[in-house]
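**Q** The structure that follows is given in the form of structure tokens.
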Amino acid sequence: MFEDLLEMQERGARDRSLGRSLADNPMSKPDVLPITDLQEWFSMFDAWRFGWAIEDAMAGHIDMPRDGRPARRA
């Protein structure tokens with residue numbers, strides 16, 4: 001299971017580098033991947049989202065201040 005989570009994180013990072021959005025999480029399509037174990041499903045969903053977020057931050061896509069308002073451009 002641990003290897004599956006790492007693989008899903010890598011997939012999330014790869015998907016972000018390809019320009020995919022958070023809505024493209026493959027675990028959010030239960031018709032494609034039937035949910036049989038809710039805890040396992042959420043772990044995989046969260047692992048993909050975490051990998052996506054890491055790549056997003058490293059690529060400098062996140063420029064929102066902590067208060068949630070859009071950053072002002074100079």
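Labels used: A, B, ... for chains in the order of the structure tokens, numbers from 1 for residues in each chain, and numbers from 1 for ligands as shown.
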Mind dumping a table of every stretch 10-42 of chain A residue within 12 Å of stretch 47-56 of chain A, with the nearest atom pair and its distance in Å to one decimal, using only C-alpha atoms, sorted by chain and rising number, as CSV?

**A**
residue,atom,partner,partner_atom,distance
A:Glu10,CA,A:Gly51,CA,5.9
A:Arg11,CA,A:Trp48,CA,6.5
A:Gly12,CA,A:Trp52,CA,4.3
A:Ala13,CA,A:Trp52,CA,4.4
A:Arg14,CA,A:Trp52,CA,7.5
A:Asp15,CA,A:Trp52,CA,6.9
A:Arg16,CA,A:Trp52,CA,5.3
A:Ser17,CA,A:Glu55,CA,6.8
A:Leu18,CA,A:Glu55,CA,10.3
A:Gly19,CA,A:Asp56,CA,9.6
A:Arg20,CA,A:Trp52,CA,8.9
A:Ser21,CA,A:Trp52,CA,8.4
A:Leu22,CA,A:Arg49,CA,6.9
A:Ala23,CA,A:Arg49,CA,9.6
A:Asp24,CA,A:Arg49,CA,9.7
A:Asn25,CA,A:Trp48,CA,6.8
A:Pro26,CA,A:Trp48,CA,8.2
A:Met27,CA,A:Trp48,CA,8.1
A:Ser28,CA,A:Trp48,CA,10.3
A:Glu40,CA,A:Ala47,CA,10.5
A:Trp41,CA,A:Ala47,CA,9.9
A:Phe42,CA,A:Ala47,CA,8.4

**Q** Take the residues just selected and output them with N, CA, C and O atoms as a JSON list (two decimals), in the first residue's frame.

**A**
[["chain", "number", "residue", "atom", "x", "y", "z"],
["A", 10, "GLU", "N", 3.56, 10.65, -7.05],
["A", 10, "GLU", "CA", 4.34, 10.94, -8.25],
["A", 10, "GLU", "C", 3.43, 11.23, -9.43],
["A", 10, "GLU", "O", 3.71, 12.13, -10.24],
["A", 11, "ARG", "N", 2.34, 10.51, -9.52],
["A", 11, "ARG", "CA", 1.38, 10.75, -10.61],
["A", 11, "ARG", "C", 0.77, 12.14, -10.47],
["A", 11, "ARG", "O", 0.59, 12.85, -11.47],
["A", 12, "GLY", "N", 0.44, 12.55, -9.25],
["A", 12, "GLY", "CA", -0.09, 13.89, -9.03],
["A", 12, "GLY", "C", 0.89, 14.97, -9.44],
["A", 12, "GLY", "O", 0.53, 15.95, -10.10],
["A", 13, "ALA", "N", 2.15, 14.79, -9.08],
["A", 13, "ALA", "CA", 3.18, 15.76, -9.47],
["A", 13, "ALA", "C", 3.35, 15.80, -10.98],
["A", 13, "ALA", "O", 3.45, 16.86, -11.59],
["A", 14, "ARG", "N", 3.36, 14.64, -11.59],
["A", 14, "ARG", "CA", 3.49, 14.56, -13.05],
["A", 14, "ARG", "C", 2.29, 15.21, -13.74],
["A", 14, "ARG", "O", 2.45, 15.97, -14.69],
["A", 15, "ASP", "N", 1.09, 14.95, -13.22],
["A", 15, "ASP", "CA", -0.10, 15.55, -13.80],
["A", 15, "ASP", "C", -0.06, 17.07, -13.70],
["A", 15, "ASP", "O", -0.43, 17.78, -14.63],
["A", 16, "ARG", "N", 0.43, 17.60, -12.57],
["A", 16, "ARG", "CA", 0.52, 19.06, -12.42],
["A", 16, "ARG", "C", 1.54, 19.62, -13.40],
["A", 16, "ARG", "O", 1.32, 20.67, -14.00],
["A", 17, "SER", "N", 2.64, 18.93, -13.59],
["A", 17, "SER", "CA", 3.66, 19.42, -14.52],
["A", 17, "SER", "C", 3.14, 19.40, -15.96],
["A", 17, "SER", "O", 3.63, 20.14, -16.81],
["A", 18, "LEU", "N", 2.14, 18.56, -16.22],
["A", 18, "LEU", "CA", 1.52, 18.51, -17.54],
["A", 18, "LEU", "C", 0.38, 19.52, -17.68],
["A", 18, "LEU", "O", -0.28, 19.57, -18.71],
["A", 19, "GLY", "N", 0.13, 20.29, -16.62],
["A", 19, "GLY", "CA", -0.88, 21.34, -16.68],
["A", 19, "GLY", "C", -2.27, 20.93, -16.23],
["A", 19, "GLY", "O", -3.23, 21.68, -16.40],
["A", 20, "ARG", "N", -2.39, 19.77, -15.63],
["A", 20, "ARG", "CA", -3.70, 19.33, -15.18],
["A", 20, "ARG", "C", -4.09, 20.06, -13.89],
["A", 20, "ARG", "O", -3.24, 20.49, -13.12],
["A", 21, "SER", "N", -5.39, 20.18, -13.65],
["A", 21, "SER", "CA", -5.89, 20.90, -12.47],
["A", 21, "SER", "C", -6.23, 19.91, -11.36],
["A", 21, "SER", "O", -6.25, 18.69, -11.57],
["A", 22, "LEU", "N", -6.56, 20.46, -10.19],
["A", 22, "LEU", "CA", -6.97, 19.61, -9.07],
["A", 22, "LEU", "C", -8.21, 18.79, -9.42],
["A", 22, "LEU", "O", -8.41, 17.69, -8.91],
["A", 23, "ALA", "N", -9.05, 19.31, -10.28],
["A", 23, "ALA", "CA", -10.26, 18.60, -10.69],
["A", 23, "ALA", "C", -9.96, 17.35, -11.50],
["A", 23, "ALA", "O", -10.85, 16.53, -11.71],
["A", 24, "ASP", "N", -8.72, 17.21, -11.96],
["A", 24, "ASP", "CA", -8.34, 16.05, -12.77],
["A", 24, "ASP", "C", -7.86, 14.86, -11.94],
["A", 24, "ASP", "O", -7.36, 13.89, -12.51],
["A", 25, "ASN", "N", -8.03, 14.93, -10.63],
["A", 25, "ASN", "CA", -7.62, 13.84, -9.76],
["A", 25, "ASN", "C", -8.33, 12.56, -10.21],
["A", 25, "ASN", "O", -9.55, 12.49, -10.21],
["A", 26, "PRO", "N", -7.56, 11.53, -10.61],
["A", 26, "PRO", "CA", -8.20, 10.31, -11.11],
["A", 26, "PRO", "C", -9.05, 9.61, -10.05],
["A", 26, "PRO", "O", -9.96, 8.86, -10.39],
["A", 27, "MET", "N", -8.78, 9.86, -8.79],
["A", 27, "MET", "CA", -9.56, 9.23, -7.73],
["A", 27, "MET", "C", -10.90, 9.92, -7.53],
["A", 27, "MET", "O", -11.72, 9.46, -6.74],
["A", 28, "SER", "N", -11.16, 11.00, -8.22],
["A", 28, "SER", "CA", -12.45, 11.69, -8.09],
["A", 28, "SER", "C", -13.45, 11.20, -9.13],
["A", 28, "SER", "O", -14.50, 11.79, -9.30],
["A", 40, "GLU", "N", -8.98, 3.55, 2.00],
["A", 40, "GLU", "CA", -7.96, 3.40, 0.96],
["A", 40, "GLU", "C", -8.18, 4.40, -0.17],
["A", 40, "GLU", "O", -7.25, 5.02, -0.66],
["A", 41, "TRP", "N", -9.44, 4.59, -0.57],
["A", 41, "TRP", "CA", -9.76, 5.56, -1.62],
["A", 41, "TRP", "C", -9.31, 6.95, -1.21],
["A", 41, "TRP", "O", -8.65, 7.65, -1.98],
["A", 42, "PHE", "N", -9.64, 7.37, 0.02],
["A", 42, "PHE", "CA", -9.27, 8.72, 0.45],
["A", 42, "PHE", "C", -7.76, 8.87, 0.53],
["A", 42, "PHE", "O", -7.22, 9.93, 0.18]]

**Q** Can you tell me, as number ranges by chain, what residues are no more than 12 Å from A:Phe2 when counting only C-alpha atoms, ignoring any on the same chain fewer than 2 positions away?

**A** A: 4-9, 40, 43-44, 47

**Q** Could you take the residues named above and write them with N, CA, C and O atoms, as a PDB file, in the first residue's frame?

**A**
ATOM      1  N   ASP A   4       2.006   2.129  -3.357  1.00  0.00           N
ATOM      2  CA  ASP A   4       0.895   2.672  -4.143  1.00  0.00           C
ATOM      3  C   ASP A   4       0.684   4.154  -3.853  1.00  0.00           C
ATOM      4  O   ASP A   4       0.407   4.940  -4.759  1.00  0.00           O
ATOM      5  N   LEU A   5       0.820   4.536  -2.584  1.00  0.00           N
ATOM      6  CA  LEU A   5       0.656   5.943  -2.216  1.00  0.00           C
ATOM      7  C   LEU A   5       1.758   6.800  -2.826  1.00  0.00           C
ATOM      8  O   LEU A   5       1.499   7.889  -3.339  1.00  0.00           O
ATOM      9  N   LEU A   6       2.998   6.296  -2.766  1.00  0.00           N
ATOM     10  CA  LEU A   6       4.108   7.039  -3.372  1.00  0.00           C
ATOM     11  C   LEU A   6       3.926   7.176  -4.882  1.00  0.00           C
ATOM     12  O   LEU A   6       4.182   8.237  -5.457  1.00  0.00           O
ATOM     13  N   GLU A   7       3.457   6.104  -5.500  1.00  0.00           N
ATOM     14  CA  GLU A   7       3.201   6.141  -6.937  1.00  0.00           C
ATOM     15  C   GLU A   7       2.109   7.162  -7.271  1.00  0.00           C
ATOM     16  O   GLU A   7       2.209   7.902  -8.253  1.00  0.00           O
ATOM     17  N   MET A   8       1.082   7.233  -6.433  1.00  0.00           N
ATOM     18  CA  MET A   8       0.007   8.190  -6.668  1.00  0.00           C
ATOM     19  C   MET A   8       0.493   9.625  -6.458  1.00  0.00           C
ATOM     20  O   MET A   8       0.097  10.531  -7.191  1.00  0.00           O
ATOM     21  N   GLN A   9       1.378   9.836  -5.488  1.00  0.00           N
ATOM     22  CA  GLN A   9       1.971  11.169  -5.300  1.00  0.00           C
ATOM     23  C   GLN A   9       2.763  11.573  -6.540  1.00  0.00           C
ATOM     24  O   GLN A   9       2.666  12.706  -7.008  1.00  0.00           O
ATOM     25  N   GLU A  40      -8.985   3.551   1.995  1.00  0.00           N
ATOM     26  CA  GLU A  40      -7.965   3.396   0.960  1.00  0.00           C
ATOM     27  C   GLU A  40      -8.183   4.402  -0.169  1.00  0.00           C
ATOM     28  O   GLU A  40      -7.246   5.019  -0.660  1.00  0.00           O
ATOM     29  N   SER A  43      -7.056   7.835   0.969  1.00  0.00           N
ATOM     30  CA  SER A  43      -5.595   7.897   1.029  1.00  0.00           C
ATOM     31  C   SER A  43      -5.004   8.113  -0.357  1.00  0.00           C
ATOM     32  O   SER A  43      -4.090   8.925  -0.532  1.00  0.00           O
ATOM     33  N   MET A  44      -5.526   7.417  -1.344  1.00  0.00           N
ATOM     34  CA  MET A  44      -5.040   7.572  -2.722  1.00  0.00           C
ATOM     35  C   MET A  44      -5.419   8.948  -3.278  1.00  0.00           C
ATOM     36  O   MET A  44      -4.616   9.598  -3.952  1.00  0.00           O
ATOM     37  N   ALA A  47      -3.115  11.419  -1.613  1.00  0.00           N
ATOM     38  CA  ALA A  47      -1.733  11.280  -2.085  1.00  0.00           C
ATOM     39  C   ALA A  47      -1.553  11.965  -3.432  1.00  0.00           C
ATOM     40  O   ALA A  47      -0.566  12.669  -3.655  1.00  0.00           O
TER      41      ALA A  47
END
